[in-house]
Structure formats: C-alpha cells, structure tokens
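J.: I am attaching a structure below and will ask some questions about it afterwards.
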Amino acid sequence: MKTLTFKYRFLFALLTIIVGFSNCKKETNTPSPTGVVNSSMTNVIESPTYVKSSVKNIKDSFRRSTYDFVIQFYSDPECTIPKSVSNLTVYYKETREDYSTQPHPRTERIEQVICNGTEKVLSDVLFIRRNLFGEEHEHYYHQLFPSPDYIIVINKY
C-alpha cells in the first residue's frame with residue numbers, strides 16, 4: 001500500500017509540473033490586427049557605445065603642467081561615426097606617482113563624470129607638479145576605466 005501511495009504522489013507531482021508548464025505563455029512580438037506591435041513586449045537593442053580618450057591643449061608653467069582630458073563617443077569601433085550620449089556615467093582612473101620620496105609611492109583613485117553629447121572635456125587636468133626649484137615631484141596619469149555601459153577603444157599612437 002505504501003508503494004502505491006508513493007507512485008500516485010509521484011504521478012500527481014509530475015502531472016502538476018506538466019500542467020504548470022503548459023499554462024505558461026510565451027511572449028512574442030506578434031502584430032495586433034491593426035498591424036501595431038505591442039511595445040511592452042518589444043526588446044530594443046541599442047548599439048554599443050565606444051569611448052576613446054585623448055589629451056589636448058598641454059599647458060606648461062613653472063610649478064605645474066596641465067592638459068585637457070577629452071572623452072569622445074562613437075557608434076563604431078573604428079571611431080569614425082560620432083555618437084551622442086545622454087547622462088552616460090564614464091569612469092576614469094587617476095594614478096599619482098610621488099617622486100619626492102624614495103621609493104616612489106603610487107596611489108590610484110577612480111573618478112566618474114556624467115557625459116552628454118559626443119564628447120566631454122575635462123579642462124586643465126593636472127599631470128605634472130613641480131617643487132619650488134622646478135623639479136618634477138608628482139606625475140598624474142589618466143585613463144578610462146571599464147564599465148558595462150561602454151567599450152573602451154585603445155588609442156593607437
């Protein structure tokens with residue numbers, strides 16, 4: 001009698017699973033009788049955003065050197081078709097090396113900037129700081145930091 005009860009429970013559970021799967025609805029993008037696709041079921045795949053950085057407008061003075069860190073957006077990996085972005089958060093890494101001590105300590109921090117349009121210019125970014133004698137004692141390097149929202153294009157010099 002125990003075996004018969006187990007068999008019925010097993011068959012009942014299996015039947016419940018089968019009925020449950022048969023009641024699942026498959027979402028499709030089928031047009032309505034008027035020919036309009038239900039927008040709530042349409043998956044829009046946006047083209048990827050390619051991001052490239054460059055340095056422009058280097059300015060030197062006795063105590064410091066700066067440049068413009070330019071972030072540009074493209075629709076293609078060859079960076080030939082500019083792309084306008086809206087409220088895209090781009091991350092970049094700033095690396096600082098201190099040459100005033102031995103060994104040269106290195107610190108890194110991740111910064112973010114909200115971008116709109118086809119490019120974002122971070123003006124007068126510090127990259128060399130000099131002491132009172134004009135000797136370089138701090139170097140700063142900036143590079144794009146990865147994000148799932150964009151693809152970084154490496155500059156080919």
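A note on labels: chains of the structure tokens are A, B, ... as shown, every chain counts residues from 1, and ligands are counted from 1 in their shown order.
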Show which residues sit within 9 Å of Ile154 (chain A), as an mmCIF file with C-alpha atoms, in the first residue's frame. Count only C-alpha atoms, and ignore same-chain residues fewer than 5 positions away.
T.:
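New file selection18.cif:
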data_model
loop_
_atom_site.group_PDB
_atom_site.id
_atom_site.type_symbol
_atom_site.label_atom_id
_atom_site.label_comp_id
_atom_site.auth_asym_id
_atom_site.auth_seq_id
_atom_site.Cartn_x
_atom_site.Cartn_y
_atom_site.Cartn_z
ATOM 1 C CA VAL A 51 34.665 55.503 -25.855
ATOM 2 C CA LYS A 52 38.072 56.951 -26.672
ATOM 3 C CA SER A 53 40.221 59.370 -24.695
#
J.: What's around Pro148 (chain A) at 12 Å? Count only C-alpha atoms, leave out sequence neighbours fewer than 5 positions away in its own chain, and write the answer as an NGL selection string.
T.: :A and (48-51 or 88-91)
J.: Residues of the last selection are to be written out with N, CA and C atoms, as a PDB file, in the first residue's frame.
T.:
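out-v5.pdb was written with the following content:
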ATOM      1  N   PRO A  48      26.199  49.505 -29.262  1.00  0.00           N
ATOM      2  CA  PRO A  48      27.155  49.781 -28.187  1.00  0.00           C
ATOM      3  C   PRO A  48      27.789  51.161 -28.344  1.00  0.00           C
ATOM      4  N   THR A  49      28.213  51.703 -27.231  1.00  0.00           N
ATOM      5  CA  THR A  49      28.899  52.990 -27.228  1.00  0.00           C
ATOM      6  C   THR A  49      30.386  52.725 -27.074  1.00  0.00           C
ATOM      7  N   TYR A  50      31.166  53.219 -28.030  1.00  0.00           N
ATOM      8  CA  TYR A  50      32.622  53.103 -27.982  1.00  0.00           C
ATOM      9  C   TYR A  50      33.175  54.421 -27.446  1.00  0.00           C
ATOM     10  N   VAL A  51      34.119  54.323 -26.519  1.00  0.00           N
ATOM     11  CA  VAL A  51      34.665  55.503 -25.855  1.00  0.00           C
ATOM     12  C   VAL A  51      36.165  55.553 -26.077  1.00  0.00           C
ATOM     13  N   LEU A  88      25.382  59.556 -19.611  1.00  0.00           N
ATOM     14  CA  LEU A  88      26.232  58.368 -19.520  1.00  0.00           C
ATOM     15  C   LEU A  88      27.314  58.621 -18.471  1.00  0.00           C
ATOM     16  N   THR A  89      27.414  57.731 -17.496  1.00  0.00           N
ATOM     17  CA  THR A  89      28.454  57.840 -16.477  1.00  0.00           C
ATOM     18  C   THR A  89      29.709  57.151 -16.997  1.00  0.00           C
ATOM     19  N   VAL A  90      30.782  57.931 -17.094  1.00  0.00           N
ATOM     20  CA  VAL A  90      32.065  57.405 -17.556  1.00  0.00           C
ATOM     21  C   VAL A  90      33.040  57.460 -16.381  1.00  0.00           C
ATOM     22  N   TYR A  91      33.759  56.377 -16.217  1.00  0.00           N
ATOM     23  CA  TYR A  91      34.725  56.274 -15.132  1.00  0.00           C
ATOM     24  C   TYR A  91      36.136  56.398 -15.695  1.00  0.00           C
TER      25      TYR A  91
END
J.: Restricting the calculation to only C-alpha atoms: of A:Glu119, A:Glu111, A:Glu94, A:Asp124, which residue gets closest to His139 (chain A)?
T.: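 Among the listed residues, the smallest separation from His139 (chain A) belongs to A:Glu94.
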J.: With a distance cut-off of 12 Å and only C-alpha atoms, select the neighbouring residues of Phe62 (chain A), excluding the residue or stretch itself and same-chain residues fewer than 5 positions from it, and output the selection as a VMD selection string.
T.: chain A and resid 128 to 136
J.: Considering only C-alpha atoms, give me a table of residues in region 125-153 of chain A that are at most 12 Å from region 71-79 of chain A, with the closest atom pair and distance in Å for each, as JSON lines.
T.:
{"residue": "A:His142", "atom": "CA", "partner": "A:Ile71", "partner_atom": "CA", "distance": 11.1}
{"residue": "A:Gln143", "atom": "CA", "partner": "A:Ile71", "partner_atom": "CA", "distance": 9.9}
{"residue": "A:Leu144", "atom": "CA", "partner": "A:Ile71", "partner_atom": "CA", "distance": 8.5}
{"residue": "A:Phe145", "atom": "CA", "partner": "A:Ile71", "partner_atom": "CA", "distance": 11.6}
{"residue": "A:Asp149", "atom": "CA", "partner": "A:Phe73", "partner_atom": "CA", "distance": 11.8}
{"residue": "A:Tyr150", "atom": "CA", "partner": "A:Phe73", "partner_atom": "CA", "distance": 9.1}
{"residue": "A:Ile151", "atom": "CA", "partner": "A:Pro77", "partner_atom": "CA", "distance": 8.5}
{"residue": "A:Ile152", "atom": "CA", "partner": "A:Pro77", "partner_atom": "CA", "distance": 8.9}
{"residue": "A:Val153", "atom": "CA", "partner": "A:Pro77", "partner_atom": "CA", "distance": 6.8}
J.: What is the distance, in Å and to one decimal place, between CA of Gln102 (chain A) and CA of Phe69 (chain A)?
T.: 29.0 Å
J.: Kindly give the distance, in Å, that separates CA of Tyr141 (chain A) and CA of Lys93 (chain A), rounded to a single decimal.
T.: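 Computing the Euclidean distance for CA of Tyr141 (chain A) and CA of Lys93 (chain A) yields 7.9 Å.
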J.: Counting only C-alpha atoms, which residue out of A:Asn87, A:Ser100, A:Ser123, A:Asn155 sits closest to Lys56 (chain A)?
T.: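 Distance minimum relative to Lys56 (chain A) lands on A:Ser123.
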J.: What is the CA of Arg63 (chain A)-CA of His137 (chain A) distance in Å, reported with one decimal?
T.: 10.1 Å
J.: Identify, on the basis of only C-alpha atoms, every residue whose closest approach to region 66-68 of chain A does not exceed 9 Å; exclude the query and any residue fewer than 4 positions from it along the same chain; express the result as a compact mmCIF listing (two decimals) with C-alpha atoms, in the first residue's frame.
T.:
# COMPACT_ATOMS: atom_id res chain seq x y z
CA SER A 54 42.85 61.82 -25.83
CA VAL A 55 44.98 64.65 -24.50
CA LYS A 56 44.82 68.17 -25.95
CA ASN A 57 45.95 71.70 -25.06
CA ILE A 58 49.03 70.95 -22.97
CA LYS A 59 49.94 73.97 -20.85
CA ASP A 60 53.25 74.33 -19.03
CA SER A 61 54.13 76.72 -16.25
CA VAL A 121 36.29 67.75 -21.98
CA LEU A 122 37.87 67.78 -18.54
CA SER A 123 39.81 71.03 -18.69
CA ASP A 124 43.15 71.80 -17.05
CA VAL A 125 43.76 68.35 -15.62
CA LEU A 126 46.99 68.29 -13.64
CA PHE A 127 49.65 65.89 -14.89
CA ILE A 128 52.97 67.27 -13.59
CA ARG A 129 53.57 69.20 -10.39
J.: Neighbouring residues of Val85 (chain A) were defined as those with any atom within 7 Å, considering only C-alpha atoms; residues of the same chain fewer than 4 positions away were excluded. Please report them as a ChimeraX atom specification.
T.: /A:115-118
J.: Please produce a file of the residues just selected, as a PDB file, in the first residue's frame, where the atoms kept are N, CA and C atoms.
T.:
ATOM      1  N   CYS A 115      28.255  62.351 -18.725  1.00  0.00           N
ATOM      2  CA  CYS A 115      28.517  62.880 -20.057  1.00  0.00           C
ATOM      3  C   CYS A 115      27.232  63.009 -20.872  1.00  0.00           C
ATOM      4  N   ASN A 116      27.168  64.087 -21.645  1.00  0.00           N
ATOM      5  CA  ASN A 116      26.093  64.335 -22.590  1.00  0.00           C
ATOM      6  C   ASN A 116      26.714  64.862 -23.874  1.00  0.00           C
ATOM      7  N   GLY A 117      26.185  64.426 -25.004  1.00  0.00           N
ATOM      8  CA  GLY A 117      26.720  64.885 -26.282  1.00  0.00           C
ATOM      9  C   GLY A 117      27.717  63.899 -26.861  1.00  0.00           C
ATOM     10  N   THR A 118      28.551  64.369 -27.788  1.00  0.00           N
ATOM     11  CA  THR A 118      29.506  63.499 -28.470  1.00  0.00           C
ATOM     12  C   THR A 118      30.891  63.495 -27.825  1.00  0.00           C
TER      13      THR A 118
END
